[in-house]
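Colleague: Structure incoming, see below.
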Amino acid sequence: MTDTTATSRLPFALPRLGIGTAPLGGLFEEVTEQDAAATLKAAAEAGITYFDTAPRYGHGLAEQRLGRLLPPSGDTGPVISTKTGWLLRPRPDGSPGEVVTDWTERGIRESLESSLTRLGRSSVDILYLHDPDDYPDEIRRTAYPAVRKLRDEGLIRAIGFGMNHSGPLAAYVAEFDVDVVLIAGRFSLLDHEALTTLLPLCARTGTAVVVGGVFNTGLLADPSPGAMFNYRPVPTEELERARRCRALCEAYEVPLPAAAIQFPLLHDAVGSVVLGCRSAAEVTANAAAARFPVPDELWQRLAEAGFVPEQLLDGRAG
């Protein structure tokens, strides 16, 4: 997919569709090197040029795979975001050990330098402070000044925060000079949490928003009893809601994943949606869903049923 949207703070165009690489690090189940290569090849064939990763994804494995399998960086290279705030501490035998938080300037720099080594790059496009919900003092004293310094040095082009909760994320956006944020699981057909605080703020400040978790960990991709919802087995109530949403989409011959992927982009502050993919088939299906025509009549029906906020359809978003 080649569509991009410019933002007021980012010094580059942000692709509207990206790949989240937690599955390539083995989230929920192992992915072979062959399948990882096929996944990234399918992304290239679909025109997807944004990849989001983190040291915590497979204890560095996702970053290593991107380093081995993606083309080199450059003016035509992919957009890559990674994260910091957590250090990998291997065991003496070299096997994965524990992941520890470290918001000091030294820890932030060590984390980025290790990521760059795994990625085989001299810089990345975006560096997110990863899940700093409970560390506002550390962020204020050392972590945020450290990432600003790294941006000034040219090791990263943009800085931001990546979190699963929109309230604390909005507080950071209000306090700091933030280029971009990643909010996961809180702006979907089933969860509108980010709409009331984070998105209006980002629209005012010109902060780009990347939305992850649009399937809420799988439920909106396949509303079945065995699905996951926000990293846990799906409750009965949420399963029924997802099935009602799917039925409305099917009445208009639109796949539920198409509506789920395209929903966040109804808000002007959202520049990109990242989708976790573990196979070439998932990449191909998601890229097709991102392009699938969703009629205005379906968006209106989804709004009437409570799955889409009305304000996204009447020009008042942001």
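Chain identifiers are assigned as A, B, and so on, following the order in which chains appear in the structure tokens; residues are numbered from 1 within each chain, and ligands are numbered from 1 in order of appearance.
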Please list as a list of chain:residue names every residue within 10 Å of Pro309 in chain A, counting only C-alpha atoms and excluding residues in the same chain fewer than 4 positions away.
Modeller: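 With the cut-off at 10 Å, the set is A:Leu189, A:His192, A:Leu195, A:Leu266, A:Trp299, A:Gln300, A:Leu302, A:Ala303, A:Glu304, A:Ala305, A:Leu313, A:Asp314, A:Ala317.
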Colleague: Just want the 10 Å neighbourhood of Leu27 in chain A, counted on only C-alpha atoms, with same-chain residues fewer than 4 positions away dropped. Output as a ChimeraX atom specification.
Modeller: /A:21-23,31,57-58,276,278
Colleague: Take the selection from the previous step and output its residues with N, CA and C atoms, as a CSV table (one decimal), in the first residue's frame.
Modeller:
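So part15.csv came out as:
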chain,number,residue,atom,x,y,z
A,21,THR,N,5.7,-6.0,14.5
A,21,THR,CA,6.5,-7.2,14.4
A,21,THR,C,6.6,-8.0,15.7
A,22,ALA,N,5.7,-7.7,16.6
A,22,ALA,CA,5.6,-8.6,17.8
A,22,ALA,C,5.4,-10.1,17.4
A,23,PRO,N,4.5,-10.4,16.5
A,23,PRO,CA,4.4,-11.8,16.1
A,23,PRO,C,5.7,-12.4,15.5
A,31,VAL,N,7.4,-18.3,15.3
A,31,VAL,CA,7.4,-18.1,13.8
A,31,VAL,C,8.8,-18.5,13.3
A,57,TYR,N,10.2,-7.5,21.8
A,57,TYR,CA,9.6,-8.5,20.9
A,57,TYR,C,10.5,-9.7,20.6
A,58,GLY,N,10.3,-10.7,21.4
A,58,GLY,CA,11.1,-11.9,21.2
A,58,GLY,C,12.5,-11.7,21.7
A,276,GLY,N,-0.2,-6.5,13.3
A,276,GLY,CA,0.7,-7.6,13.6
A,276,GLY,C,0.5,-8.7,12.7
A,278,ARG,N,2.0,-12.6,11.2
A,278,ARG,CA,3.0,-13.7,11.4
A,278,ARG,C,3.2,-14.5,10.1
Colleague: Considering only C-alpha atoms, can you say which of A:His130, A:Arg148, A:His59, A:Arg9 comes closest to Gly25 in chain A?
Modeller: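 Distance minimum relative to Gly25 in chain A lands on A:His59.
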Colleague: Report as a ChimeraX atom specification all protein, DNA and RNA residues lying within 7 Å of Leu182 in chain A, evaluated on only C-alpha atoms, omitting residues in the same chain fewer than 2 positions from it.
Modeller: /A:161-163,180,184,209-212
Colleague: Considering only C-alpha atoms, return as a PyMOL selection string whatever protein or nucleic-acid residues lie within 9 Å of Ser224 in chain A, sequence-local ones (same chain, fewer than 5 positions apart) excluded.
Modeller: chain A and resi 219+234+239+243
Colleague: Could you take the residues named above and write them with N, CA and C atoms, as a PDB file, in the first residue's frame?
Modeller:
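Done, and the output landed in part_7.pdb:
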ATOM      1  N   LEU A 219      -9.810 -10.549  18.096  1.00  0.00           N
ATOM      2  CA  LEU A 219     -11.258 -10.728  18.120  1.00  0.00           C
ATOM      3  C   LEU A 219     -11.927 -10.164  16.877  1.00  0.00           C
ATOM      4  N   VAL A 234     -11.463 -14.126  25.251  1.00  0.00           N
ATOM      5  CA  VAL A 234     -12.536 -13.161  25.042  1.00  0.00           C
ATOM      6  C   VAL A 234     -13.709 -13.405  25.990  1.00  0.00           C
ATOM      7  N   LEU A 239     -17.482 -10.972  22.798  1.00  0.00           N
ATOM      8  CA  LEU A 239     -17.646 -11.848  21.644  1.00  0.00           C
ATOM      9  C   LEU A 239     -18.959 -11.546  20.923  1.00  0.00           C
ATOM     10  N   ARG A 243     -19.528 -10.123  17.106  1.00  0.00           N
ATOM     11  CA  ARG A 243     -20.369 -10.828  16.143  1.00  0.00           C
ATOM     12  C   ARG A 243     -21.465  -9.928  15.583  1.00  0.00           C
TER      13      ARG A 243
END
Colleague: Using only C-alpha atoms, which of A:Pro78, A:Gly26, A:Pro223, A:Gly60 sits nearest Ile48 in chain A?
Modeller: A:Pro78
Colleague: Taking the DSSP assignment computed from this structure's backbone, write out as an MDAnalysis selection string all residues of range 53-248 of chain A that belong to helix (DSSP H, G or I).
Modeller: chainID A and resid 61:69 105:119 136:152 166:175 193:196 198:205 236:248
Colleague: Just list the residues in range 11-185 of chain A DSSP gives strand (DSSP E) on the backbone, as a VMD selection string.
Modeller: chain A and resid 14 to 15 17 to 20 50 to 52 79 to 84 86 to 89 98 to 101 124 to 130 156 to 163 180 to 184
Colleague: Could you write those residues out with C-alpha atoms, as a PDB file, in the first residue's frame?
Modeller:
ATOM      1  CA  LEU A  14       4.090   8.321   7.403  1.00  0.00           C
ATOM      2  CA  PRO A  15       2.781   5.281   5.478  1.00  0.00           C
ATOM      3  CA  LEU A  17      -0.384   0.933   6.704  1.00  0.00           C
ATOM      4  CA  GLY A  18       2.430  -0.751   8.590  1.00  0.00           C
ATOM      5  CA  ILE A  19       3.504  -4.096  10.017  1.00  0.00           C
ATOM      6  CA  GLY A  20       3.808  -4.631  13.759  1.00  0.00           C
ATOM      7  CA  TYR A  50       6.486   0.899   7.629  1.00  0.00           C
ATOM      8  CA  PHE A  51       7.659  -1.582  10.267  1.00  0.00           C
ATOM      9  CA  ASP A  52       7.271  -1.159  14.015  1.00  0.00           C
ATOM     10  CA  VAL A  79      10.269   3.556   7.711  1.00  0.00           C
ATOM     11  CA  ILE A  80      11.272   1.823  10.943  1.00  0.00           C
ATOM     12  CA  SER A  81      10.219   2.570  14.494  1.00  0.00           C
ATOM     13  CA  THR A  82      11.610   0.875  17.565  1.00  0.00           C
ATOM     14  CA  LYS A  83      11.294   1.465  21.284  1.00  0.00           C
ATOM     15  CA  THR A  84      13.386   2.143  24.345  1.00  0.00           C
ATOM     16  CA  TRP A  86      13.837  -1.540  28.613  1.00  0.00           C
ATOM     17  CA  LEU A  87      17.173  -3.370  28.404  1.00  0.00           C
ATOM     18  CA  LEU A  88      17.775  -7.003  27.485  1.00  0.00           C
ATOM     19  CA  ARG A  89      20.006  -8.817  29.948  1.00  0.00           C
ATOM     20  CA  GLU A  98      15.378 -10.952  31.736  1.00  0.00           C
ATOM     21  CA  VAL A  99      14.087  -7.646  30.427  1.00  0.00           C
ATOM     22  CA  VAL A 100      14.684  -4.762  32.840  1.00  0.00           C
ATOM     23  CA  THR A 101      13.434  -1.207  32.770  1.00  0.00           C
ATOM     24  CA  VAL A 124      15.908   4.713  12.779  1.00  0.00           C
ATOM     25  CA  ASP A 125      13.003   6.942  11.900  1.00  0.00           C
ATOM     26  CA  ILE A 126      11.027   6.834  15.159  1.00  0.00           C
ATOM     27  CA  LEU A 127      11.996   6.002  18.727  1.00  0.00           C
ATOM     28  CA  TYR A 128       9.131   5.436  21.155  1.00  0.00           C
ATOM     29  CA  LEU A 129       9.463   5.408  24.924  1.00  0.00           C
ATOM     30  CA  HIS A 130       7.864   2.007  25.549  1.00  0.00           C
ATOM     31  CA  ILE A 156      16.550   9.096  15.222  1.00  0.00           C
ATOM     32  CA  ARG A 157      14.306  11.384  13.198  1.00  0.00           C
ATOM     33  CA  ALA A 158      11.259  11.533  15.482  1.00  0.00           C
ATOM     34  CA  ILE A 159      10.427  10.786  19.106  1.00  0.00           C
ATOM     35  CA  GLY A 160       7.289   9.740  20.911  1.00  0.00           C
ATOM     36  CA  PHE A 161       5.577   7.359  23.291  1.00  0.00           C
ATOM     37  CA  GLY A 162       4.103   3.915  22.671  1.00  0.00           C
ATOM     38  CA  MET A 163       1.459   2.767  25.166  1.00  0.00           C
ATOM     39  CA  VAL A 180       4.309  10.919  17.166  1.00  0.00           C
ATOM     40  CA  VAL A 181       2.544   8.471  19.466  1.00  0.00           C
ATOM     41  CA  LEU A 182       1.524   4.839  19.127  1.00  0.00           C
ATOM     42  CA  ILE A 183      -1.678   3.822  20.902  1.00  0.00           C
ATOM     43  CA  ALA A 184      -2.503   0.108  20.940  1.00  0.00           C
TER      44      ALA A 184
END
Colleague: Using only C-alpha atoms, find the one residue out of A:Glu282, A:Glu310, A:Asp179, A:Asp191 that sits nearest to Phe12 in chain A.
Modeller: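 Looking only at the distances to Phe12 in chain A, the closest residue turns out to be A:Asp179.
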Colleague: What is the distance, in Å and to one decimal place, between CA of Thr142 in chain A and CA of His165 in chain A?
Modeller: 21.9 Å
